[in-house]
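**Student:** There's a structure below that I have some questions on.
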Amino acid sequence: MDLKQSYYDLYGKNEITDFRFGQLMDIIGNAKKERRAELKKQDSRGNDWYLSEKMVGMMLYIDRFSKDLRGFEEKIDYLAELGVTYVHFMPLLKSREGNNDGGYAVSDYLEVDDKFGTMKELEHVVNLLKKRGIHTCIDFVLNHTAKEHIWVEEYKKGNHDYDNMYFMYDNPSVPEQYEKNMTEIFPGVAPKNFTYYPDMGKYVMTRFYEFQWDLNYANPQVFNKIVEVLLTLANKGIDIFRLDAIPYMWKEIGTSCMNHPKVHTLLRMMYSIVQDVCPSVIFLGEAIVEPHEIVKYFGTPEEKECNVMYNASLMVLLWNSLATRDVRLMERSLARDYGVPSDGVWINYGRCHDDIGWGFEKDILQNLGFDPEAHKQFMISFMEGRYPGSFSVGELYEFNPVTLDARNSGTFASMCGLEQALKEKHSYKIEQAIKRILLLNSIIISYTGIPLLYSGDEIGQLNDWTYKNDRKIAGDSRWLHRGKMDWDAAAKRYDSGTVQGKIFTGIRKMIEIRKGCSYFRSDLKSEPVDLGNNAVFGFHRENKMMVLANFSEHEQWVDANRFNWFGLPGEMTDLLTGRPVRSYNNAILLGPYEYLWLV
């Protein structure tokens, strides 16, 4: 793209933008000079490494995984043993004291939070990971900063270079115009989108929380400052930037201030700059919006925005299939073509640090005979553990007593039934829960995209109910599934008779097979197959392999004629076990929660 033209198209052509564009060119030039030789060597290989079958991620909070960065160094062997090739450090940049939205209220982009260590220690860890073939991902919060950010402090000191970097107004008239079309992100705990500060006499846009001030990208100085930070961090060796809350970046009165076309212009400009300065770096976009909107954040082959996006749809479809024992919604939803570019890749995951919201394709639900609202209430109830016969144990997040709307919190294992089974000391239920955990991972790891695990899920960690004892976080149920890594439990991973051993070994085996087979490259697309059995999900990867997965606790027969183009009848091999799989009278039997990777 033509960066200069895009810059002037966005900000207009005048003396101020001439000055700011010259400033941006200086920032880019300085970053190029400061890029180390070893990073330039990495750049020479381009950035298509994220398409590799060897990509397997883990996300973690440093303090909950290893206390600090120095402690993390001792845990790199563990990650390598599991097969992880990229680590997503949850927010580690300096954030405000007290409530900081789990680190997403950044007070200084260029400092590591004291509780984790120093920027120098982060650089050291990044270099150690590179030597082990592990990429580093960090959160980059683009939409807002903490109200204590150094840019706010400079503004308060009277430094006019920092004027208009946030949305501030002397009276409520302009905020009221914005509010007419803006939605509320957290209506229960953070209603409205503006906060009045008597000490300043200003109304400030605070779309997420009162302590997070929205950046004003209509001011080119904001774009320049963000780019400067981005390039500085890239020169520390960071490989992947998780761009947080990107749909909200551009605000205009009369719009919802979400998914604005100018957001895409900002992202295209940032990507273009990164390709110029540090072309091995990639962007992971966080946009939890409708599927037809999410795909737009990949950009186009000519004008790229993000290389990778979160596959939130797959996450909710997996839990839906598990709760209903019915895969039709997943099969039909995933069959839809939203126009993902050939080099656009999904991150596949079963849960993350956040809650789970139940966004389904309503028309597909209705065609299947479900009432969308009633089904949403079923999922909320089932995943909390209130629905009769539910195996899940969790909590509600952002429950609205009027609409009964809510989202769900809980760890992977607890939502798969392990917590309930262990509490009941029910050996059969324990085995079922383990099978569910491995079943979901078998899809996450085999479906087109990059699998992402959350720390502790690989050993079946349960909900951490002790979060309620900490008054700072007791009101946020998401801390239920952000417990500290249990290293005593992890030590049991070598014992095949333990829960930890069964789950860790099963997941590690899947990762090992994935990394050793080119069929799992992210540029080989997956296509769902209608197997004529509501309980069994099937898909193939460009005819090279077929995955069958039974989402029921009962045996299921699959009609092999449904995919006879795959080479049936005849003998196939299950990649996971190496055993031959035959069809009997053109039918294949799957045991309870069994999954097959057939070649």
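By convention in this document, the chains of the structure tokens carry letters A, B, ... by their order, each chain's residues are numbered from 1, and ligands are numbered from 1 in the order they are shown.
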For stretch 321-327 of chain A, please output as a list in words all residues within 7 Å (counting only C-alpha atoms; exclusion window: fewer than 6 positions along the same chain).
**Tutor:**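 The residues satisfying every condition are Asn534, Ala535, Val536, Phe537, Phe551 and Ser552 of chain A.
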**Student:** Could you save the residues just selected, with N, CA and C atoms, as a JSON list (two decimals), in the first residue's frame?
**Tutor:**
```
[["chain", "number", "residue", "atom", "x", "y", "z"],
["A", 534, "ASN", "N", -26.01, -37.51, 13.69],
["A", 534, "ASN", "CA", -25.99, -36.23, 14.40],
["A", 534, "ASN", "C", -24.92, -36.14, 15.48],
["A", 535, "ALA", "N", -24.45, -37.28, 15.95],
["A", 535, "ALA", "CA", -23.50, -37.28, 17.07],
["A", 535, "ALA", "C", -22.04, -37.28, 16.61],
["A", 536, "VAL", "N", -21.80, -37.49, 15.33],
["A", 536, "VAL", "CA", -20.41, -37.64, 14.85],
["A", 536, "VAL", "C", -20.04, -36.51, 13.90],
["A", 537, "PHE", "N", -18.97, -35.81, 14.25],
["A", 537, "PHE", "CA", -18.45, -34.74, 13.41],
["A", 537, "PHE", "C", -17.34, -35.30, 12.54],
["A", 551, "PHE", "N", -19.18, -37.21, 19.46],
["A", 551, "PHE", "CA", -19.48, -36.30, 20.56],
["A", 551, "PHE", "C", -20.52, -36.87, 21.53],
["A", 552, "SER", "N", -20.66, -38.16, 21.51],
["A", 552, "SER", "CA", -21.63, -38.84, 22.38],
["A", 552, "SER", "C", -20.94, -39.85, 23.28]]
```
**Student:** How close does each residue of stretch 441-509 of chain A get to stretch 398-401 of chain A, giving the shortest atom pair and distance in Å to one decimal for every residue with an atom at most 12 Å away, counting only C-alpha atoms, sorted by chain and residue number, as a Markdown table?
**Tutor:**
```
| residue | atom | partner | partner_atom | distance |
| --- | --- | --- | --- | --- |
| A:Gly475 | CA | A:Glu398 | CA | 10.1 |
| A:Asp476 | CA | A:Glu398 | CA | 8.7 |
| A:Ser477 | CA | A:Glu398 | CA | 8.8 |
| A:Arg478 | CA | A:Glu398 | CA | 10.1 |
```
**Student:** Skipping near chain neighbours, those fewer than 3 positions away, what residues fall within 12 Å of A:Asp199 using only C-alpha atoms, listed as an NGL selection string?
**Tutor:** :A and (156 or 170 or 196 or 202-203)
**Student:** For the residues in the current selection, export all heavy atoms as a PDB file, in the first residue's frame.
**Tutor:**
```pdb
ATOM      1  N   LYS A 156      -1.530  16.284  31.489  1.00  0.00           N
ATOM      2  CA  LYS A 156      -1.869  17.002  32.715  1.00  0.00           C
ATOM      3  C   LYS A 156      -0.788  18.008  33.096  1.00  0.00           C
ATOM      4  O   LYS A 156      -1.070  19.020  33.753  1.00  0.00           O
ATOM      5  CB  LYS A 156      -2.101  16.007  33.861  1.00  0.00           C
ATOM      6  CG  LYS A 156      -3.397  15.223  33.742  1.00  0.00           C
ATOM      7  CD  LYS A 156      -3.595  14.289  34.934  1.00  0.00           C
ATOM      8  CE  LYS A 156      -4.942  13.584  34.873  1.00  0.00           C
ATOM      9  NZ  LYS A 156      -5.139  12.675  36.024  1.00  0.00           N
ATOM     10  N   ASP A 170     -15.706  19.256  27.774  1.00  0.00           N
ATOM     11  CA  ASP A 170     -16.017  20.121  28.915  1.00  0.00           C
ATOM     12  C   ASP A 170     -17.445  19.944  29.416  1.00  0.00           C
ATOM     13  O   ASP A 170     -17.733  20.224  30.580  1.00  0.00           O
ATOM     14  CB  ASP A 170     -15.799  21.597  28.550  1.00  0.00           C
ATOM     15  CG  ASP A 170     -14.332  21.906  28.262  1.00  0.00           C
ATOM     16  OD1 ASP A 170     -13.466  21.244  28.873  1.00  0.00           O
ATOM     17  OD2 ASP A 170     -14.062  22.779  27.417  1.00  0.00           O
ATOM     18  N   TYR A 196     -17.202  11.243  34.070  1.00  0.00           N
ATOM     19  CA  TYR A 196     -16.892  12.645  34.412  1.00  0.00           C
ATOM     20  C   TYR A 196     -15.870  12.687  35.541  1.00  0.00           C
ATOM     21  O   TYR A 196     -16.016  11.991  36.551  1.00  0.00           O
ATOM     22  CB  TYR A 196     -18.154  13.389  34.841  1.00  0.00           C
ATOM     23  CG  TYR A 196     -17.874  14.846  35.194  1.00  0.00           C
ATOM     24  CD1 TYR A 196     -17.494  15.750  34.202  1.00  0.00           C
ATOM     25  CD2 TYR A 196     -17.979  15.291  36.509  1.00  0.00           C
ATOM     26  CE1 TYR A 196     -17.222  17.079  34.511  1.00  0.00           C
ATOM     27  CE2 TYR A 196     -17.713  16.619  36.826  1.00  0.00           C
ATOM     28  CZ  TYR A 196     -17.332  17.505  35.818  1.00  0.00           C
ATOM     29  OH  TYR A 196     -17.052  18.818  36.135  1.00  0.00           O
ATOM     30  N   LYS A 202     -13.722  17.347  33.107  1.00  0.00           N
ATOM     31  CA  LYS A 202     -13.803  16.762  31.764  1.00  0.00           C
ATOM     32  C   LYS A 202     -14.631  15.471  31.770  1.00  0.00           C
ATOM     33  O   LYS A 202     -14.580  14.681  32.723  1.00  0.00           O
ATOM     34  CB  LYS A 202     -12.404  16.425  31.230  1.00  0.00           C
ATOM     35  CG  LYS A 202     -11.456  17.610  31.076  1.00  0.00           C
ATOM     36  CD  LYS A 202     -11.775  18.425  29.837  1.00  0.00           C
ATOM     37  CE  LYS A 202     -10.715  19.508  29.603  1.00  0.00           C
ATOM     38  NZ  LYS A 202     -11.056  20.352  28.439  1.00  0.00           N
ATOM     39  N   TYR A 203     -15.354  15.277  30.670  1.00  0.00           N
ATOM     40  CA  TYR A 203     -15.990  13.992  30.382  1.00  0.00           C
ATOM     41  C   TYR A 203     -15.038  13.230  29.469  1.00  0.00           C
ATOM     42  O   TYR A 203     -14.669  13.714  28.400  1.00  0.00           O
ATOM     43  CB  TYR A 203     -17.333  14.194  29.672  1.00  0.00           C
ATOM     44  CG  TYR A 203     -18.398  14.813  30.540  1.00  0.00           C
ATOM     45  CD1 TYR A 203     -18.479  16.203  30.697  1.00  0.00           C
ATOM     46  CD2 TYR A 203     -19.334  14.021  31.204  1.00  0.00           C
ATOM     47  CE1 TYR A 203     -19.452  16.776  31.495  1.00  0.00           C
ATOM     48  CE2 TYR A 203     -20.320  14.587  31.995  1.00  0.00           C
ATOM     49  CZ  TYR A 203     -20.374  15.966  32.139  1.00  0.00           C
ATOM     50  OH  TYR A 203     -21.344  16.529  32.921  1.00  0.00           O
TER      51      TYR A 203
END
```
**Student:** Can you pull out every residue from stretch 362-592 of chain A that DSSP, working from the backbone, puts in alpha helix (DSSP H), and format the result as a PyMOL selection string?
**Tutor:** chain A and resi 362-367+372-384+412-415+418-424+427-446+487-490+499-515
**Student:** Atom CA of A:Met182 to atom CA of A:Gly285: how many Å, to one decimal?
**Tutor:**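 These atoms are spaced 21.7 Å apart.
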**Student:** Under the rule of at most 12 Å, produce a per-residue listing of stretch 322-395 of chain A near stretch 39-56 of chain A: chain, number, name, the closest pair of atoms, and the distance in Å, as a tab-separated table, using only C-alpha atoms.
**Tutor:**
```
residue	atom	partner	partner_atom	distance
A:Ser342	CA	A:Leu51	CA	10.2
A:Asp343	CA	A:Leu51	CA	7.6
A:Gly344	CA	A:Leu51	CA	8.8
A:Val345	CA	A:Leu51	CA	7.4
A:Trp346	CA	A:Leu51	CA	10.1
A:Ile347	CA	A:Val56	CA	9.6
A:Asn348	CA	A:Val56	CA	9.9
A:Tyr349	CA	A:Val56	CA	10.8
```
**Student:** Write out as a PyMOL selection string the residues lying within 12 Å of A:Glu373, counting only C-alpha atoms and excluding same-chain residues fewer than 2 positions away.
**Tutor:** chain A and resi 358-362+365-366+370-371+375-380+403-406
**Student:** Closest to A:Arg20 among A:Asn224, A:Arg521, A:Glu121, A:Lys304, using only C-alpha atoms?
**Tutor:** A:Asn224
**Student:** If we count only C-alpha atoms, what is near A:Asn550 at a cut-off of 8 Å, once residues fewer than 6 positions away on the same chain are taken out, given as a ChimeraX atom specification?
**Tutor:** /A:535-537,556,590-595
**Student:** Could you pull out all residues of stretch 424-484 of chain A with a DSSP call of strand (DSSP E or B) and give them as a list in words?
**Tutor:** Ile450, Pro451, Leu452, Leu453 and Tyr454 of chain A
**Student:** Which polymer residues have any atom within 8 Å of an atom of stretch 236-247 of chain A, counting only C-alpha atoms, with same-chain residues fewer than 6 positions away left out, as a list in words?
**Tutor:** Leu39, Glu123, Val126, Asn127, His135, Thr136, Cys137, Ile138, Asp139, Phe140, Val141, Leu142, Asn143, Met258, Asn259, His260, Val263, Ser280, Val281, Ile282, Phe283, Leu284, Gly285, Glu286 and Ala287 of chain A
**Student:** For the residues in that selection, give me N, CA, C and O atoms as an mmCIF file, in the first residue's frame.
**Tutor:**
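Written file, result21.cif:
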```cif
data_model
loop_
_atom_site.group_PDB
_atom_site.id
_atom_site.type_symbol
_atom_site.label_atom_id
_atom_site.label_comp_id
_atom_site.auth_asym_id
_atom_site.auth_seq_id
_atom_site.Cartn_x
_atom_site.Cartn_y
_atom_site.Cartn_z
ATOM 1 N N LEU A 39 18.052 -10.325 14.214
ATOM 2 C CA LEU A 39 16.640 -10.140 13.876
ATOM 3 C C LEU A 39 16.474 -9.871 12.381
ATOM 4 O O LEU A 39 15.492 -10.309 11.771
ATOM 5 N N GLU A 123 13.676 -9.568 27.346
ATOM 6 C CA GLU A 123 14.516 -9.777 26.159
ATOM 7 C C GLU A 123 15.321 -11.065 26.282
ATOM 8 O O GLU A 123 15.469 -11.820 25.310
ATOM 9 N N VAL A 126 12.995 -14.009 25.720
ATOM 10 C CA VAL A 126 12.653 -14.094 24.296
ATOM 11 C C VAL A 126 13.784 -14.760 23.520
ATOM 12 O O VAL A 126 13.548 -15.619 22.656
ATOM 13 N N ASN A 127 15.013 -14.385 23.821
ATOM 14 C CA ASN A 127 16.171 -14.983 23.133
ATOM 15 C C ASN A 127 16.317 -16.464 23.473
ATOM 16 O O ASN A 127 16.660 -17.280 22.602
ATOM 17 N N HIS A 135 8.365 -19.195 19.391
ATOM 18 C CA HIS A 135 8.071 -17.789 19.129
ATOM 19 C C HIS A 135 7.397 -17.144 20.342
ATOM 20 O O HIS A 135 6.757 -17.820 21.147
ATOM 21 N N THR A 136 7.527 -15.829 20.431
ATOM 22 C CA THR A 136 6.951 -15.091 21.556
ATOM 23 C C THR A 136 5.846 -14.168 21.079
ATOM 24 O O THR A 136 6.009 -13.423 20.115
ATOM 25 N N CYS A 137 4.710 -14.222 21.806
ATOM 26 C CA CYS A 137 3.567 -13.355 21.536
ATOM 27 C C CYS A 137 3.259 -12.536 22.786
ATOM 28 O O CYS A 137 3.278 -13.076 23.899
ATOM 29 N N ILE A 138 3.014 -11.239 22.614
ATOM 30 C CA ILE A 138 2.574 -10.422 23.742
ATOM 31 C C ILE A 138 1.319 -9.645 23.361
ATOM 32 O O ILE A 138 1.040 -9.430 22.184
ATOM 33 N N ASP A 139 0.578 -9.229 24.375
ATOM 34 C CA ASP A 139 -0.602 -8.401 24.153
ATOM 35 C C ASP A 139 -0.203 -6.967 23.892
ATOM 36 O O ASP A 139 0.656 -6.406 24.594
ATOM 37 N N PHE A 140 -0.813 -6.369 22.889
ATOM 38 C CA PHE A 140 -0.598 -4.966 22.576
ATOM 39 C C PHE A 140 -1.975 -4.299 22.573
ATOM 40 O O PHE A 140 -2.770 -4.507 21.657
ATOM 41 N N VAL A 141 -2.254 -3.537 23.622
ATOM 42 C CA VAL A 141 -3.579 -2.933 23.796
ATOM 43 C C VAL A 141 -3.644 -1.644 22.984
ATOM 44 O O VAL A 141 -3.035 -0.638 23.343
ATOM 45 N N LEU A 142 -4.389 -1.667 21.911
ATOM 46 C CA LEU A 142 -4.439 -0.555 20.952
ATOM 47 C C LEU A 142 -5.553 0.446 21.215
ATOM 48 O O LEU A 142 -5.450 1.608 20.836
ATOM 49 N N ASN A 143 -6.631 -0.003 21.824
ATOM 50 C CA ASN A 143 -7.812 0.848 21.922
ATOM 51 C C ASN A 143 -7.762 1.851 23.063
ATOM 52 O O ASN A 143 -8.341 2.929 22.979
ATOM 53 N N MET A 258 -17.846 0.803 16.220
ATOM 54 C CA MET A 258 -17.356 -0.574 16.131
ATOM 55 C C MET A 258 -17.213 -0.949 14.673
ATOM 56 O O MET A 258 -18.069 -0.604 13.858
ATOM 57 N N ASN A 259 -16.128 -1.633 14.335
ATOM 58 C CA ASN A 259 -15.915 -2.115 12.965
ATOM 59 C C ASN A 259 -15.974 -0.990 11.929
ATOM 60 O O ASN A 259 -16.406 -1.201 10.790
ATOM 61 N N HIS A 260 -15.548 0.201 12.320
ATOM 62 C CA HIS A 260 -15.554 1.333 11.390
ATOM 63 C C HIS A 260 -14.548 1.070 10.267
ATOM 64 O O HIS A 260 -13.471 0.516 10.510
ATOM 65 N N VAL A 263 -10.879 1.718 10.879
ATOM 66 C CA VAL A 263 -10.084 0.765 11.664
ATOM 67 C C VAL A 263 -9.211 -0.053 10.723
ATOM 68 O O VAL A 263 -8.026 -0.296 10.990
ATOM 69 N N SER A 280 9.462 -10.233 9.620
ATOM 70 C CA SER A 280 9.187 -11.573 10.165
ATOM 71 C C SER A 280 8.093 -11.532 11.226
ATOM 72 O O SER A 280 7.594 -12.570 11.656
ATOM 73 N N VAL A 281 7.694 -10.334 11.636
ATOM 74 C CA VAL A 281 6.689 -10.162 12.684
ATOM 75 C C VAL A 281 5.287 -10.339 12.108
ATOM 76 O O VAL A 281 5.022 -9.941 10.969
ATOM 77 N N ILE A 282 4.380 -10.941 12.903
ATOM 78 C CA ILE A 282 2.995 -11.105 12.446
ATOM 79 C C ILE A 282 2.029 -10.499 13.462
ATOM 80 O O ILE A 282 2.373 -10.288 14.625
ATOM 81 N N PHE A 283 0.803 -10.246 12.993
ATOM 82 C CA PHE A 283 -0.266 -9.705 13.823
ATOM 83 C C PHE A 283 -1.326 -10.775 14.087
ATOM 84 O O PHE A 283 -1.790 -11.454 13.164
ATOM 85 N N LEU A 284 -1.706 -10.906 15.358
ATOM 86 C CA LEU A 284 -2.837 -11.729 15.772
ATOM 87 C C LEU A 284 -3.936 -10.773 16.225
ATOM 88 O O LEU A 284 -3.766 -10.028 17.185
ATOM 89 N N GLY A 285 -5.039 -10.762 15.505
ATOM 90 C CA GLY A 285 -6.109 -9.819 15.817
ATOM 91 C C GLY A 285 -7.131 -10.400 16.770
ATOM 92 O O GLY A 285 -7.531 -11.564 16.647
ATOM 93 N N GLU A 286 -7.551 -9.577 17.738
ATOM 94 C CA GLU A 286 -8.615 -9.985 18.650
ATOM 95 C C GLU A 286 -9.861 -9.185 18.314
ATOM 96 O O GLU A 286 -9.923 -7.980 18.551
ATOM 97 N N ALA A 287 -10.824 -9.854 17.689
ATOM 98 C CA ALA A 287 -12.077 -9.201 17.307
ATOM 99 C C ALA A 287 -13.204 -10.201 17.529
ATOM 100 O O ALA A 287 -13.467 -11.051 16.685
#
```
